[in-house]
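First up is the structure itself, then whatever we jot down about it.
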Amino acid sequence: MTAALSLPGLLSDLAVIRQDFPILERTLAGDRPLVYLDSANTSQKPQVVIDTMVDHLERHNANIARAMHQLGAEATEAFEAGRDKVAAFLGAPSRDEVIFTKNASEALNLVANVLAWKGPFQVGEGDDVVITEMEHHSNIVPWQLLSQRTGASLKWFGLTDGGELDLSNIDELITERTKVVAFTWVSNMLGTINPVAELTRRAHAVGALVVVDASQAAPQLPIDLSAMVPEERPDFVVFTGHKVVGPTGIGVLWGRGDLLEQLPPFLGGGEMIATVTMEKSTYAGIPHRFEAGTPPIVEAVGLGAAVEYLGHIGLDRIHAHEQAITAYALEGLQTIKGLTVMGPLDATQRGGAISFELEGVHPHDIAQVLDSRGVAVRAGHHCAKPAHQRFGVQASTRMSSYLYTTPAEIDALVEGLEYTRSYFKLG
Amino acid sequence: MDLDALYQDIILDHYKNPHGKGLREEFEAEVHHVNPTCGDEITLRVHIEDGRVADVSYDSQGCSISQASASVLYELVHGKPVDEAMAIHAKFQELMQGKGQVEPDEDVLEDGIAFAGVAKFPARVKCALLSWMAWKDATVQSIGQTGAAGGNQEEKA
C-alpha cells in the first residue's frame, strides 16, 4: 500500500477530494465500506453540485426566459451561466453552440434526426454513414434509424484484436459518398482512445460531417475545441452530465455554429420559436432553436457547478490520476489467474474503464460476489453488444475509476476477484 | 449479504453439470429469448407427444443462476403431462416473484427450491426465469402446432 500511495500522477490531494463526495463515506450491507468502481456508468456527485442544486430549488426556482419577475430573472441567469460554464469546459468557440439535451443519447438522436430532413445537409440514397464497431448502442441505433429512413448505407470500422479501430480500409470507408462519420472518443467497453484529429481530418477531406461521442472522454480528458485546427475539429461533440460529476437528466450537444444555424429544428414547441401563426412558425436563433419546451433548469445549474468543480481540480491532473490508477489496476488484474483484460494494455493509450473476463465465472456472478464485499462494478454488455461480439464474448465485467478512486480500492477489487475464484472453487 | 443463500450447492452443481443441455432434433417449436439488460440468451426447443413434454432441449449462455435454472427446468418438466408441467412452471414463477416471502414446496419443485434464495436478489430473478419463460412460450407454440393440448390451452400464434 505504501508503494501504491506514491504512484506517480496520483492526485496529491486525493484525501481532500474524497471528502467532497459524501457518498464515499457510506457503508453497505455487512458494514462494508463502499468501493465504487462503476464511474463509467455514472459518476458520484460532490457536495458543491448537490448544494448548488438545492440552493437553486430553495431560493431561485422559476421558469426561465418567460417569467417577468425577479425569480424568473435569477433562474434564467443561473441556467445561462450553466451554459457558459459548459462552453468554458469544452473550450467552445461560442457559448451559443452549446445545446442542452436530456442526455447524450438525445444529443446523438438530435443530430441523426435533423440530418434526415430537408436542408443543405440532408442525407439520402447513395450516401454513406460511417460508424465503428466499438460504439455504445446510443451511437449505433440513431444512425441505423437515419439510414433506414433515408435509404443511405451504414458502414463501419472494424476493430483489431488489440481493441483499436482497424483503419486499414479507411480509404474504402471514407469516400466521396460519406456524409457522416460518427465515432466515440473513448470506448466505454475497451477503454480505447480513438484518433479524433486524424479521423476528423480524413472525413472533412471528403466533405463529411463528424460527430464525436465524448461521453467517456469528457470526464477524463482535457477538451479544448478552440485550440483544435478547424480541419481536425469535429462538427458535433456530445456528452452527458451525470458522468462528469453532474446530475442525470441533462446532456450536451456542442455543434459548429454555422452548421447549427442551417440545420432544421429538432423538436417543436415553446422557447424554440420566434413567432407562431396557425399556418407556420419562424424559429429562434441558436441555441434556443434546439431547446423546445421547459429545459432541465436545475440540472443545467448543477452541471455548471460540476464542470466548474472539475475545472478547479484541473482536467490535466484528473487525466494523470486516471492513468495512474488505470496502470495500477491493469497490473493488479493481470496477477489473477485466468483473467483476460479486453482492450489496450498500455494505460497511457486508454481511458479508465477496464473490461475483463475471468475464466470459469460469469460476469454476473463476479459482480454479485464483489458486491457482497462492497465493491461495485458493472457486468453485462455495457450497451456495446457488437463490440462484445467482436471479441467472441457475450458479457464482461467492467471496473471504472475516477478522480476519487484510490489504489486501496483497486487492491480491494483484486482481493475480491481472488475471493471470487476461491468461492467458485477454481483451481 | 448472504452469498451462500444465493449460490446454493445445488445451483452450483447444476451450473457445472447441466442436465439436458444441447439442441435435439425432435421439436415442434423453437424460441430464442434474451435478457436485454445483461445479454443472457437461450435457444430452447420443445417436443410434445401424447400430451406430454417429451423433450426440452436448449442451448444457452449466461450466469450460473440462469444456467442452473435451465437445467432444473429440464429435470422438472421433461416426461411430465403438459398440464402438470405448466403447474410446476406456475409454482416456480410464484416462488421467484415472491420477494423471498414464499415457502417453496419441495414435493413439486424438487431441486428448484434452491432458487428460494435467488428471490431475495431482485436483480437476479430475471436470470432464473429466462429459461422458464422460454419454455412456456415454446410449449404454447408446440401445442398450437400439434393440437396435442393436455388441457384447455388456447392456441397462440
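Chain labels run A, B, ... following the order of the C-alpha cells; each chain numbers its residues from 1, and ligands are numbered from 1 in the order shown.
For chain A, the residues no farther than 8 Å from chain B when using only C-alpha atoms are A:Ala29, A:Gly30, A:Val361, A:His362, A:Pro363, A:His364, A:Asp365, A:Val369, A:Ser372, A:Ala379, A:Gly380, A:His381, A:Gln394, A:Ala395.
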Go ahead and dump the residues you just picked, C-alpha atoms, as a PDB file, in the first residue's frame.
```pdb
ATOM      1  CA  ALA A  29     -24.560  -4.476   3.918  1.00  0.00           C
ATOM      2  CA  GLY A  30     -22.268  -6.175   6.421  1.00  0.00           C
ATOM      3  CA  VAL A 361     -17.039 -17.422 -13.754  1.00  0.00           C
ATOM      4  CA  HIS A 362     -19.764 -15.465 -15.487  1.00  0.00           C
ATOM      5  CA  PRO A 363     -19.599 -11.646 -15.135  1.00  0.00           C
ATOM      6  CA  HIS A 364     -22.902 -11.515 -13.205  1.00  0.00           C
ATOM      7  CA  ASP A 365     -21.572 -13.940 -10.688  1.00  0.00           C
ATOM      8  CA  VAL A 369     -19.598 -11.747  -5.213  1.00  0.00           C
ATOM      9  CA  SER A 372     -21.181  -8.781  -1.266  1.00  0.00           C
ATOM     10  CA  ALA A 379     -21.407  -6.713 -15.510  1.00  0.00           C
ATOM     11  CA  GLY A 380     -23.035  -7.330 -18.866  1.00  0.00           C
ATOM     12  CA  HIS A 381     -22.590  -5.969 -22.349  1.00  0.00           C
ATOM     13  CA  GLN A 394     -21.485 -12.226 -24.585  1.00  0.00           C
ATOM     14  CA  ALA A 395     -20.706 -10.209 -21.483  1.00  0.00           C
TER      15      ALA A 395
END
```
Using only C-alpha atoms, which residues sit within 7 Å of A:Ile193 once same-chain residues fewer than 4 positions away are excluded, as a compact mmCIF listing (two decimals) with C-alpha atoms, in the first residue's frame?
```txt
# COMPACT_ATOMS: atom_id res chain seq x y z
CA TRP A 185 -13.66 9.42 -28.49
CA VAL A 186 -13.05 6.88 -25.70
CA SER A 187 -14.63 3.40 -25.74
CA GLN A 349 -3.29 4.74 -24.56
CA ARG A 350 -6.60 4.19 -22.89
CA GLY A 351 -9.28 5.54 -20.60
```
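Neighbouring residues of B:Val46 at 8 Å or closer, counting only C-alpha atoms and skipping chain neighbours under 4 positions away, are Phe27, Glu28, Ala29, Glu30, Val53, Ala54, Asp55, Val56, Ser57, Trp135, Ala138, Thr139 and Ser142 of chain B.
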Long-range neighbours of A:Ala347 as JSON, numbers by chain, 8 Å cut-off, only C-alpha atoms, 6 positions minimum in chain: {"A": [323, 324, 326, 327, 330]}
For the residues in the current selection, export C-alpha atoms as a tab-separated table (two decimals), in the first residue's frame.
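The file below, selection.tsv, is the result:
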```tsv
chain	number	residue	atom	x	y	z
A	323	GLN	CA	-3.81	6.97	-15.94
A	324	ALA	CA	-2.01	6.19	-12.67
A	326	THR	CA	-5.55	2.50	-14.61
A	327	ALA	CA	-1.93	1.38	-14.81
A	330	LEU	CA	-4.05	-3.28	-15.15
```
Report as a short mmCIF file (atom, residue, chain, number, x, y, z; two decimals) with N, CA and C atoms, in the first residue's frame all protein, DNA and RNA residues lying within 12 Å of B:His14, evaluated on only C-alpha atoms, omitting residues in the same chain fewer than 6 positions from it.
```
data_model
loop_
_atom_site.label_atom_id
_atom_site.label_comp_id
_atom_site.auth_asym_id
_atom_site.auth_seq_id
_atom_site.Cartn_x
_atom_site.Cartn_y
_atom_site.Cartn_z
N TYR B 7 -26.06 -18.71 -3.79
CA TYR B 7 -25.34 -19.77 -4.50
C TYR B 7 -25.37 -21.07 -3.72
N GLN B 8 -26.55 -21.69 -3.67
CA GLN B 8 -26.68 -22.99 -3.01
C GLN B 8 -25.86 -24.01 -3.80
N GLY B 20 -29.64 -32.12 -19.61
CA GLY B 20 -30.48 -31.93 -20.80
C GLY B 20 -30.00 -30.88 -21.77
N LYS B 21 -28.79 -30.35 -21.54
CA LYS B 21 -28.33 -29.26 -22.40
C LYS B 21 -27.99 -29.76 -23.81
N CYS B 63 -25.19 -16.53 -16.79
CA CYS B 63 -24.59 -16.69 -15.46
C CYS B 63 -25.00 -18.01 -14.84
N SER B 64 -24.42 -18.30 -13.69
CA SER B 64 -24.68 -19.57 -13.00
C SER B 64 -26.17 -19.74 -12.70
N ILE B 65 -26.83 -18.66 -12.32
CA ILE B 65 -28.25 -18.75 -11.96
C ILE B 65 -29.08 -19.13 -13.18
N SER B 66 -28.83 -18.46 -14.30
CA SER B 66 -29.65 -18.74 -15.49
C SER B 66 -29.35 -20.13 -16.04
N GLN B 67 -28.12 -20.57 -15.96
CA GLN B 67 -27.76 -21.89 -16.49
C GLN B 67 -28.31 -23.00 -15.61
N ALA B 68 -28.17 -22.81 -14.30
CA ALA B 68 -28.67 -23.83 -13.37
C ALA B 68 -30.19 -23.92 -13.46
N SER B 69 -30.82 -22.79 -13.67
CA SER B 69 -32.26 -22.75 -13.74
C SER B 69 -32.77 -23.53 -14.96
N ALA B 70 -32.07 -23.43 -16.08
CA ALA B 70 -32.46 -24.18 -17.28
C ALA B 70 -32.31 -25.68 -17.03
N SER B 71 -31.27 -26.04 -16.32
CA SER B 71 -31.01 -27.45 -16.02
C SER B 71 -32.11 -28.02 -15.12
N VAL B 72 -32.50 -27.24 -14.12
CA VAL B 72 -33.56 -27.66 -13.20
C VAL B 72 -34.90 -27.73 -13.94
N LEU B 73 -35.13 -26.77 -14.81
CA LEU B 73 -36.35 -26.78 -15.64
C LEU B 73 -36.45 -28.10 -16.40
N TYR B 74 -35.35 -28.48 -17.03
CA TYR B 74 -35.34 -29.72 -17.81
C TYR B 74 -35.72 -30.90 -16.92
N GLU B 75 -35.07 -30.98 -15.77
CA GLU B 75 -35.32 -32.09 -14.86
C GLU B 75 -36.79 -32.14 -14.42
N ASP B 111 -35.32 -29.88 -6.86
CA ASP B 111 -34.11 -29.04 -6.81
C ASP B 111 -34.42 -27.56 -6.97
N GLY B 112 -35.59 -27.27 -7.52
CA GLY B 112 -35.98 -25.87 -7.74
C GLY B 112 -36.08 -25.07 -6.45
N ALA B 114 -33.94 -24.68 -4.37
CA ALA B 114 -32.66 -23.99 -4.13
C ALA B 114 -32.71 -22.54 -4.62
N PHE B 115 -33.69 -22.24 -5.47
CA PHE B 115 -33.78 -20.88 -6.01
C PHE B 115 -34.54 -19.94 -5.08
#
```
Neighbours of A:Gly191 within 9 Å (only C-alpha atoms; same-chain residues fewer than 6 positions away dropped), as a ChimeraX atom specification? /A:163,216,342-344,349-355
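Comparing the minimum interatomic distances between A:Ala65 and each of A:Ala214, A:Ile99, A:Leu253, A:Ala78, counting only C-alpha atoms, we find that A:Ala78 sits nearest.
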